[in-house]
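Shown next: target.pdb, containing PDB, C-alpha atoms, pLDDT in the B column.
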ATOM      1  CA  MET A   1     127.896 127.609 112.701  1.00 57.00           C
ATOM      2  CA  ASP A   2     126.094 124.447 111.566  1.00 62.00           C
ATOM      3  CA  ASN A   3     122.467 125.160 110.586  1.00 69.00           C
ATOM      4  CA  LYS A   4     121.801 121.652 109.288  1.00 75.00           C
ATOM      5  CA  PHE A   5     118.170 120.671 109.962  1.00 73.00           C
ATOM      6  CA  ASP A   6     117.787 117.049 111.071  1.00 73.00           C
ATOM      7  CA  PHE A   7     114.288 115.859 110.136  1.00 76.00           C
ATOM      8  CA  PRO A   8     113.167 113.214 112.686  1.00 77.00           C
ATOM      9  CA  ILE A   9     111.350 110.979 110.174  1.00 80.00           C
ATOM     10  CA  ARG A  10     113.661 109.336 107.671  1.00 87.00           C
ATOM     11  CA  LYS A  11     112.929 107.936 104.219  1.00 89.00           C
ATOM     12  CA  GLU A  12     112.532 104.354 105.490  1.00 91.00           C
ATOM     13  CA  ASN A  13     110.038 105.553 108.119  1.00 92.00           C
ATOM     14  CA  LEU A  14     107.990 107.388 105.481  1.00 93.00           C
ATOM     15  CA  ARG A  15     107.921 104.242 103.363  1.00 95.00           C
ATOM     16  CA  ILE A  16     106.482 102.270 106.306  1.00 95.00           C
ATOM     17  CA  ILE A  17     103.932 105.018 107.012  1.00 96.00           C
ATOM     18  CA  PHE A  18     102.771 105.030 103.369  1.00 97.00           C
ATOM     19  CA  ILE A  19     102.443 101.222 103.409  1.00 97.00           C
ATOM     20  CA  GLY A  20     100.204 101.562 106.476  1.00 98.00           C
ATOM     21  CA  LEU A  21      98.188 104.262 104.718  1.00 97.00           C
ATOM     22  CA  ALA A  22      97.707 101.974 101.699  1.00 98.00           C
ATOM     23  CA  ILE A  23      96.489  99.178 104.012  1.00 98.00           C
ATOM     24  CA  ASN A  24      94.016 101.627 105.593  1.00 97.00           C
ATOM     25  CA  ILE A  25      92.709 102.754 102.214  1.00 97.00           C
ATOM     26  CA  LEU A  26      92.249  99.124 101.161  1.00 96.00           C
ATOM     27  CA  GLY A  27      90.320  98.419 104.365  1.00 96.00           C
ATOM     28  CA  TYR A  28      88.022 101.392 103.852  1.00 95.00           C
ATOM     29  CA  LEU A  29      87.451 100.471 100.186  1.00 94.00           C
ATOM     30  CA  LEU A  30      86.468  96.933 101.193  1.00 92.00           C
ATOM     31  CA  MET A  31      83.941  98.385 103.643  1.00 92.00           C
ATOM     32  CA  ILE A  32      82.134 100.392 100.933  1.00 90.00           C
ATOM     33  CA  GLY A  33      78.849  99.124  99.576  1.00 79.00           C
ATOM     34  CA  GLY A  34      76.123  96.820 100.762  1.00 75.00           C
ATOM     35  CA  GLY A  35      73.320  99.214  99.967  1.00 74.00           C
ATOM     36  CA  SER A  36      70.381  98.556  97.717  1.00 75.00           C
ATOM     37  CA  ASP A  37      68.983 100.638  94.881  1.00 80.00           C
ATOM     38  CA  ASN A  38      65.449  99.842  96.025  1.00 82.00           C
ATOM     39  CA  PRO A  39      64.661 101.240  99.517  1.00 81.00           C
ATOM     40  CA  ASN A  40      62.018  98.533 100.070  1.00 84.00           C
ATOM     41  CA  GLU A  41      64.556  95.745  99.594  1.00 83.00           C
ATOM     42  CA  PHE A  42      66.946  94.533 102.334  1.00 82.00           C
ATOM     43  CA  ASN A  43      69.776  92.155 101.476  1.00 82.00           C
ATOM     44  CA  ALA A  44      71.319  91.102 104.803  1.00 82.00           C
ATOM     45  CA  GLU A  45      73.801  88.704 103.181  1.00 84.00           C
ATOM     46  CA  GLU A  46      75.432  91.514 101.185  1.00 82.00           C
ATOM     47  CA  LEU A  47      75.274  94.079 103.974  1.00 81.00           C
ATOM     48  CA  PHE A  48      76.682  91.806 106.694  1.00 86.00           C
ATOM     49  CA  SER A  49      79.278  90.005 104.588  1.00 89.00           C
ATOM     50  CA  THR A  50      82.471  88.665 106.170  1.00 90.00           C
ATOM     51  CA  VAL A  51      84.579  91.131 104.209  1.00 90.00           C
ATOM     52  CA  ARG A  52      82.679  94.179 105.545  1.00 91.00           C
ATOM     53  CA  ILE A  53      82.246  92.985 109.134  1.00 93.00           C
ATOM     54  CA  THR A  54      85.543  91.178 109.831  1.00 95.00           C
ATOM     55  CA  ILE A  55      88.305  91.569 107.254  1.00 95.00           C
ATOM     56  CA  SER A  56      87.933  95.293 106.611  1.00 96.00           C
ATOM     57  CA  PRO A  57      88.155  96.395 110.282  1.00 96.00           C
ATOM     58  CA  ILE A  58      91.157  94.092 110.801  1.00 97.00           C
ATOM     59  CA  LEU A  59      92.898  95.734 107.835  1.00 97.00           C
ATOM     60  CA  ILE A  60      92.115  99.208 109.159  1.00 97.00           C
ATOM     61  CA  ILE A  61      93.504  98.422 112.613  1.00 98.00           C
ATOM     62  CA  ALA A  62      96.566  96.771 111.044  1.00 98.00           C
ATOM     63  CA  GLY A  63      97.100  99.850 108.863  1.00 98.00           C
ATOM     64  CA  PHE A  64      97.050 102.124 111.910  1.00 98.00           C
ATOM     65  CA  ALA A  65      99.453  99.780 113.726  1.00 98.00           C
ATOM     66  CA  VAL A  66     101.873  99.865 110.777  1.00 97.00           C
ATOM     67  CA  MET A  67     101.694 103.665 110.635  1.00 96.00           C
ATOM     68  CA  ILE A  68     102.364 103.958 114.380  1.00 96.00           C
ATOM     69  CA  TYR A  69     105.307 101.581 113.990  1.00 96.00           C
ATOM     70  CA  GLY A  70     106.627 103.724 111.127  1.00 94.00           C
ATOM     71  CA  ILE A  71     106.413 106.833 113.276  1.00 92.00           C
ATOM     72  CA  MET A  72     107.946 105.281 116.388  1.00 92.00           C
ATOM     73  CA  LYS A  73     110.726 103.282 114.689  1.00 88.00           C
ATOM     74  CA  LYS A  74     114.109 104.749 115.424  1.00 84.00           C
ATOM     75  CA  ALA A  75     115.912 105.317 112.138  1.00 68.00           C
ATOM     76  CA  LYS A  76     119.478 104.146 111.737  1.00 70.00           C
ATOM     77  CA  LYS A  77     121.988 106.953 112.001  1.00 66.00           C
ATOM     78  CA  ASP A  78     123.480 107.849 108.642  1.00 58.00           C
ATOM     79  CA  HIS A  79     127.188 108.411 109.316  1.00 54.00           C
ATOM     80  CA  SER A  80     127.996 109.449 105.737  1.00 53.00           C
ATOM     81  CA  GLN A  81     126.433 112.885 106.276  1.00 51.00           C
ATOM     82  CA  GLU A  82     128.390 113.767 109.423  1.00 47.00           C
TER
END

Do you think you could lay out the structure here as structure tokens?
Amino acid sequence: MDNKFDFPIRKENLRIIFIGLAINILGYLLMIGGGSDNPNEFNAEELFSTVRITISPILIIAGFAVMIYGIMKKAKKDHSQE
């Protein structure tokens, strides 16, 4: 009787998923900030910067796309273990 457990996500898939996670973390880190220490002061240029409004959401969406690709990618069959 062969009780060998075949995990559906291979090492190469996990590597792709972790790359996507790193891209997501970078996107969220770029979105942090823009606040002011003084509540009576409003700095629109810092708050609505191109990095926070455009680049960061693109990185977050790209990170999710990479993670979905890593999950859905069919791993190559390893014939050495058969």

_Given the point (108.2, 106.4, 104.8) in the file's coordinates, find the residues that have an atom at most 12 Å from it, counting only C-alpha atoms, and give them as a list in words._
Pro8, Ile9, Arg10, Lys11, Glu12, Asn13, Leu14, Arg15, Ile16, Ile17, Phe18, Ile19, Gly20, Leu21, Ala22, Val66, Met67, Ile68, Tyr69, Gly70, Ile71, Met72, Lys73 and Ala75 of chain A

*Quick one: everything within 10 Å of A:Ile32, counting all atoms listed in the file, minus sequence neighbours fewer than 5 positions away in the same chain. Send it as an NGL selection string.*
:A and (27 or 47 or 52 or 56)

*Rank A:Phe42, A:Phe64, A:Thr50, A:Pro57 by their smallest atom-to-atom distance to A:Leu29, using only C-alpha atoms, and report the top residue only.*
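Selected residue with least distance to A:Leu29: A:Pro57.
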
_Point-to-point distance from atom CA of A:Val51 to atom CA of A:Pro39, Å rounded to tenths_ =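 Computing the Euclidean distance for atom CA of A:Val51 and atom CA of A:Pro39 yields 22.8 Å.
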
*Could you state which residues are captured by the PyMOL selection byres ((chain A and resi 34) around 8) in this file, as a list in words?*
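Selection result, ordered by chain and number: Ile32, Gly33, Gly35, Ser36, Asn43, Glu46, Leu47 and Phe48 of chain A.
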
Saved selection, atoms kept: C-alpha atoms, as a PDB file, in the coordinates of the input:
ATOM      1  CA  ILE A  32      82.134 100.392 100.933  1.00 90.00           C
ATOM      2  CA  GLY A  33      78.849  99.124  99.576  1.00 79.00           C
ATOM      3  CA  GLY A  35      73.320  99.214  99.967  1.00 74.00           C
ATOM      4  CA  SER A  36      70.381  98.556  97.717  1.00 75.00           C
ATOM      5  CA  ASN A  43      69.776  92.155 101.476  1.00 82.00           C
ATOM      6  CA  GLU A  46      75.432  91.514 101.185  1.00 82.00           C
ATOM      7  CA  LEU A  47      75.274  94.079 103.974  1.00 81.00           C
ATOM      8  CA  PHE A  48      76.682  91.806 106.694  1.00 86.00           C
TER       9      PHE A  48
END

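Here atom CA of A:Met31 and atom CA of A:Ile58 stand 11.0 Å from one another.
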
*Between A:Ile25, A:Asp37, A:Ala62, A:Leu30, which is the closest to A:Ser49 once you count all atoms listed in the file?*
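Ranking A:Ile25, A:Asp37, A:Ala62, A:Leu30 by distance to A:Ser49, first place goes to A:Leu30.
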
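For the pair atom CA of A:Lys76 and atom CA of A:Asn24, the interatomic distance is 26.3 Å.
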
_For A:Ile23, the nearest of the candidates A:Phe5, A:Glu41, A:Gly63, A:Ile55, counting all atoms listed in the file_ = A:Gly63
